[in-house]
Each structure stands twice: as structure tokens, then as C-alpha cells.
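Contents: one structure, followed by commentary.
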Amino acid sequence: MTQHDLPAHEERLASALRSALAARDAALPARSFERSWASSAASRTSSRWRPAFAAVSLAAVISALSWTVLGPRSEPTSTALDPTLARELSSEGFWRVPTDELLAHADPAAGIVLPSPRDLEFSLEESLL
Amino acid sequence: MRHNPLVDPRELAQLHDESFSWALTCTRGRRAEAEEVLQMSYLAIVEGRARFGGQASLRTWLFAVIRNHAYSRWRRARRTLQGLARLATFTTEAHEGETAAARYQAAQDGTRVLQAWQALAPRQREVLDLVFYRELSIAEAAAVLGVSLGTARVHYERGKATLRRHLEGSAG
């Protein structure tokens with residue numbers, strides 16, 4: 001059945017709808033056929049790459065979050081101690097301070113004669129000032 | 001790029017205005033969506049992804065291709081709508097649609113009819129558009145919508161009744 005077969009009351013309804021849709025189409029005309037083709041390639045390209053951009057963005061966000069949560073800590077990490085060094089540090093002689101040997105290599109006295117405290121005469125009050 | 005041997009681009013060009021009008025119907029009057037749907041339909045046809053078997057008329061087949069793309073797009077948008085970002089886009093598109101709709105509705109006497117028609121269920125709206133406006137038979141409309149003839153008849157009858165009720169209600 002087409003509009004030509006419509007009874008009168010339906011024809012009025014059809015006519016009203018036709019007028020309304022024709023008005024809509026007049027207000028929203030189609031762009032030219034050629035322009036549709038020109039912009040279709042760009043539209044298709046952008047839509048083709050859209051999932052890739054979304055995936056890359058998502059991966060970047062996940063990486064950033066992972067780095068923030070699971071990244072390197074501020075505390076230094078412990079390293080394994082070399083066994084040889086450990087033995088040296090554990091030996092008694094490593095920590096001995098060679099005081100006598102150091103004194104043997106010390107510079108000789110400068111020969112300055114310091115006054116004896118016994119020769120100094122000052123009162124208790126002066127010493128406190 | 002493969003070419004569809006049974007579709008002449010010149011024929012597509014001749015049907016272009018009507019195809020855009022049908023795309024507008026399938027996208028509830030949203031111009032940007034209608035243009036995108038039409039572009040995707042043309043590409044599918046030229047690249048051979050949409051094959052014209054020659055059983056139906058080219059016009060009927062083209063309408064079916066456009067409608068399928070419109071619904072695919074709508075389904076994709078609905079899935080993505082679950083994300084908050086898409087919600088903003090949808091709001092913008094809806095606003096654009098309303099603005100465009102307001103422009104032509106305010107200028108025409110058919111405002112009431114168009115509003116009542118847009119309030120119909122999608123298949124009722126489409127079958128009335130195809131039969132009343134594009135002068136397709138109900139059988140051809142059924143082919144475009146991808147439903148049986150009986151189903152198309154039901155949508156057609158219900159659409160008419162609902163449209164008439166809406167118009168009588170708004171007139172009273």
C-alpha cells in the first residue's frame with residue numbers, strides 16, 4: 001500500500017506528516033554530494049586511529065599510576081656484603097687504633113717553654129673574671 | 001579499494017538529498033550524526049562492504065544501509081555512554097539536535113506534527129516516514145527496516161494510531 005491508496009482520513013494524516021518532514025528537510029538541507037566524499041576520508045581516518053590513541057593514553061595512565069604506587073622507594077636498598085670485607089671487618093686487629101705507632105711518627109716538640117702554673121700569681125677573683 | 005560493481009556513484013548522487021533526509025530521520029534530526037552516518041554508508045558501498053544484490057531497488061537497499069549504519073552508531077554511542085566523558089558529548093549533541101530542531105520547528109506550521117511524530121517509537125516513526133513521506137510500500141518499508149511484512153504492518157498501524165492520538169490530544 002502506498003500513499004495513493006490511503007483513505008481520506010489517513011491521507012490527511014499523511015499529508016500533515018509530509019509537510020512537516022518537508023519543512024525539516026528544507027531547514028536542514030544536505031551538503032553537496034562531493035563535499036560528503038571530501039570529508040569522509042578524514043572522518044574515517046580519525047575514527048580508525050581513535051582506538052589506537054585511546055589505547056596509548058590508557059597505557060600511559062596505567063604506567064604513571066604503577067610508577068607512583070610501585071616505583072623505587074626513597075629508602076636505600078640493602079646490598080650483599082663482600083665475604084672478604086666481612087672477614088676483615090670482623091677481625092680484632094682491624095679496629096685496633098695504633099696509638100704508639102702514630103706517636104712515633106709525630107712531629108718533634110717545637111721547643112716552646114710554657115710558664116709553669118706555679119709561677120703565676122693571680123687571685124681567685126681574677127681567675128673568675 | 002574494491003568497488004561495488006552494481007552501484008553507480010552517479011545514482012548515489014541522484015539519491016543524495018533523499019538519503020540525507022532519511023539519515024536525519026534515523027538520527028532524530030541531528031545533522032552532524034546524519035552526515036557521518038551517510039558518509040560511512042557511502043564508504044561501505046563503494047568499498048564493497050555493503051553489497052547490493054539487485055533483489056530490491058537501489059533506493060530501498062540504500063535506505064536499509066543507512067539505517068543499519070545509524071543503528072550501529074547508536075549502539076556504539078550507547079556502550080560508550082557508560083563512561084562519564086561520553087556523557088558530555090552526548091549532552092552537546094543532544095543540544096545541537098534540539099537547537100536545529102527548534103530552528104525549523106519554530107518556522108513551520110508542522111511543529112505539532114513533527115513533535116508528535118518524534119514522540120513515536122523508532123520503528124513506528126521510520127515506517128511512517130517511509131510510507132507517508134517517501135511513498136514506499138509497506139513491503140518495501142519492511143525490507144528497509146529488516147523486519148517481516150506483518151511486523152511492519154503492526155508498526156505502521158500502531159504508528160498511525162499513536163500519531164493521530166497525539167495530534168488530537170495536543171489540538172484539544
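Chain labels follow the order of the C-alpha cells: the first chain is A, the next B, and so on; residue numbering restarts at 1 in every chain, and ligands are counted from 1 in their shown order.
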
Neighbour list for B:Ser137 as an MDAnalysis selection string, cut-off 12 Å, only C-alpha atoms, skip fewer than 2 positions in-chain: (chainID A and resid 1:6) or (chainID B and resid 60 127:135 139:144 149 152:153 156)

Could you work out which residues of chain B fall inside 7 Å of chain A? Count only C-alpha atoms, and format the result as a ChimeraX atom specification. /B:13,16-17,20-21,39,104,108,110-111,113-114,131-133,135-138

So the first atom is atom CA of B:Leu12 and the second is atom CA of B:Leu24; what is the distance between them in Å, to one decimal place?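 Distance reported for this atom pair: 16.8 Å.
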
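Straight-line separation from atom CA of B:Leu43 to atom CA of B:Gln118: 28.6 Å.
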
Which residues are near B:Ser41? Cut-off 8 Å, only C-alpha atoms, ignore same chain within fewer than 3 positions. Put them as a PDB file with N, CA, C and O atoms, in the first residue's frame.
```pdb
ATOM      1  N   VAL B  37      26.740   9.349   9.393  1.00  0.00           N
ATOM      2  CA  VAL B  37      26.105   8.075   9.008  1.00  0.00           C
ATOM      3  C   VAL B  37      26.090   7.934   7.496  1.00  0.00           C
ATOM      4  O   VAL B  37      26.388   6.857   6.948  1.00  0.00           O
ATOM      5  N   LEU B  38      25.780   9.006   6.803  1.00  0.00           N
ATOM      6  CA  LEU B  38      25.721   8.955   5.337  1.00  0.00           C
ATOM      7  C   LEU B  38      27.108   8.700   4.741  1.00  0.00           C
ATOM      8  O   LEU B  38      27.268   7.899   3.810  1.00  0.00           O
ATOM      9  N   ALA B  44      31.020   2.324   2.820  1.00  0.00           N
ATOM     10  CA  ALA B  44      30.737   0.880   2.864  1.00  0.00           C
ATOM     11  C   ALA B  44      30.284   0.379   1.497  1.00  0.00           C
ATOM     12  O   ALA B  44      30.634  -0.716   1.071  1.00  0.00           O
ATOM     13  N   ILE B  45      29.532   1.215   0.805  1.00  0.00           N
ATOM     14  CA  ILE B  45      29.025   0.810  -0.517  1.00  0.00           C
ATOM     15  C   ILE B  45      30.158   0.780  -1.536  1.00  0.00           C
ATOM     16  O   ILE B  45      30.356  -0.202  -2.256  1.00  0.00           O
ATOM     17  N   VAL B  65      20.854   0.344   4.169  1.00  0.00           N
ATOM     18  CA  VAL B  65      22.266   0.504   4.554  1.00  0.00           C
ATOM     19  C   VAL B  65      22.422   1.686   5.510  1.00  0.00           C
ATOM     20  O   VAL B  65      23.100   1.604   6.541  1.00  0.00           O
ATOM     21  N   ILE B  66      21.756   2.792   5.167  1.00  0.00           N
ATOM     22  CA  ILE B  66      21.848   3.994   6.008  1.00  0.00           C
ATOM     23  C   ILE B  66      21.283   3.708   7.401  1.00  0.00           C
ATOM     24  O   ILE B  66      21.879   4.077   8.419  1.00  0.00           O
ATOM     25  N   HIS B  69      23.691   1.620   9.475  1.00  0.00           N
ATOM     26  CA  HIS B  69      24.825   2.402   9.993  1.00  0.00           C
ATOM     27  C   HIS B  69      24.376   3.302  11.140  1.00  0.00           C
ATOM     28  O   HIS B  69      25.113   3.487  12.105  1.00  0.00           O
TER      29      HIS B  69
END
```
